[in-house]
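Undergrad: A single structure is presented below for examination.
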Amino acid sequence: MSKPINIIIVENTSVIPEGLSAILLKSGIPVHLLRVDNLGETEKFLVSRKRNIIIINPSLIQNNFKLFNSLKTGYPDANWIAVLYAFYDPQIVALFDGVINIYDSSETIIGLIKKTINSNSGPEPVRAEEILSERETEVLQLLAGGLANKAIADKLNISINTVITHRKNLSQKTGIKSISGLTIYAVVKKIISIDNVN
């Protein structure tokens, strides 16, 4: 941990970044801290071939999902940590590599940052290709494209009951129940392009 780690705090309030900065500066971890107010400013501070940790309020990605996905894809070695101080949709939180809660102790926060730094390339996401069958992937693509169960059954020449079974399997394997959550999952895992989302 001799080289400074690039940590970008993305938050539009003052209290959270100042508190996180104080904790990180006292931790002894060599960090280069930056603060930005919105997701759009983040990319100019991401450093290629260097460990980047982005600590962000999840509400800042909800209306900027396309940019968030682009940054995650463009900087695959970056780690994204959500800082939570309100309730957020679990499907949004699941998109992050780690979570800091404002009620966490300094030791817990420092432990998470150290664990993130010490991991080779950050937490390895479960790849959709490894957990979803080919048919489940097809059903997911059609669901994300806005088709109903009957239309999916007709398109794939299977029964509606089979579609329902595949949907149950998708929910069980991903932990996501809503169609919007499954759509986000499909985009993040590159099963569909964000341009194909209805």
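Identifiers for the structure tokens are assigned positionally: chains receive A, B, ... in sequence, residues are indexed from 1 per chain, and ligands are indexed from 1 in the order shown.
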Leaving out range 102-117 of chain A and any residue of its chain fewer than 6 positions from it, which residues lie within 8 Å of it when counting only C-alpha atoms, given as a PyMOL selection string?

TA: chain A and resi 1+5+23-24+27+29+51+79+83-85+123

Undergrad: Step one, run DSSP on the backbone; step two, keep only residues of range 26-182 of chain A assigned to alpha helix (DSSP H); then write them as a PyMOL selection string.

TA: chain A and resi 26+65-74+90-93+106-118+128-131+134-144+149-156+160-174+179-182

Undergrad: Step one, run DSSP on the backbone; step two, keep only residues of range 6-173 of chain A assigned to strand (DSSP E or B); then write them as a PyMOL selection string.

TA: chain A and resi 6-10+31-36+52-56+79-84+98-101

Undergrad: A:Ile176, A:Ile191, A:Val93, A:Leu33: which is nearest Asn52 in chain A, counting only C-alpha atoms?

TA: A:Leu33

Undergrad: Report as number ranges by chain all protein, DNA and RNA residues lying within 12 Å of range 139-153 of chain A, evaluated on only C-alpha atoms, omitting residues in the same chain fewer than 6 positions from it.

TA: A: 128, 132-133, 159-171, 174, 176-187, 189-198

Undergrad: If we count only C-alpha atoms, what is near range 11-14 of chain A at a cut-off of 8 Å, once residues fewer than 5 positions away on the same chain are taken out, given as a VMD selection string?

TA: chain A and resid 35 to 38 56 to 57 60

Undergrad: Which residue is closest to Val47 in chain A? Choose from A:His32, A:Lys155, A:Arg135, A:Lys173 and count only C-alpha atoms.

TA: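 The answer is A:His32, which sits nearest to Val47 in chain A.
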
Undergrad: Nearest to Glu18 in chain A: which of A:Ile100, A:Ile53, A:Ile61, A:Leu34 is it, counting only C-alpha atoms?

TA: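 Of all the options, A:Leu34 lies closest to Glu18 in chain A.
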
Undergrad: In Å, with one decimal, what is the gap from CA of Ser119 in chain A to CA of Asn101 in chain A?

TA: 20.8 Å

Undergrad: One decimal, Å: what's the distance from CA of Leu20 in chain A over to CA of Lys66 in chain A, could you say?

TA: 26.8 Å

Undergrad: Would you mind telling me which residue in A:Ile54, A:Ile92, A:Leu71, A:Ile131 lies nearest to Pro17 in chain A when using only C-alpha atoms?

TA: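 Closest candidate: A:Ile54.
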
Undergrad: Pick out the closest residue to Lys3 in chain A from this set: A:Val188, A:Ser21, A:Lys50, A:Val99. Count only C-alpha atoms.

TA: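 Nearest to Lys3 in chain A: A:Lys50.
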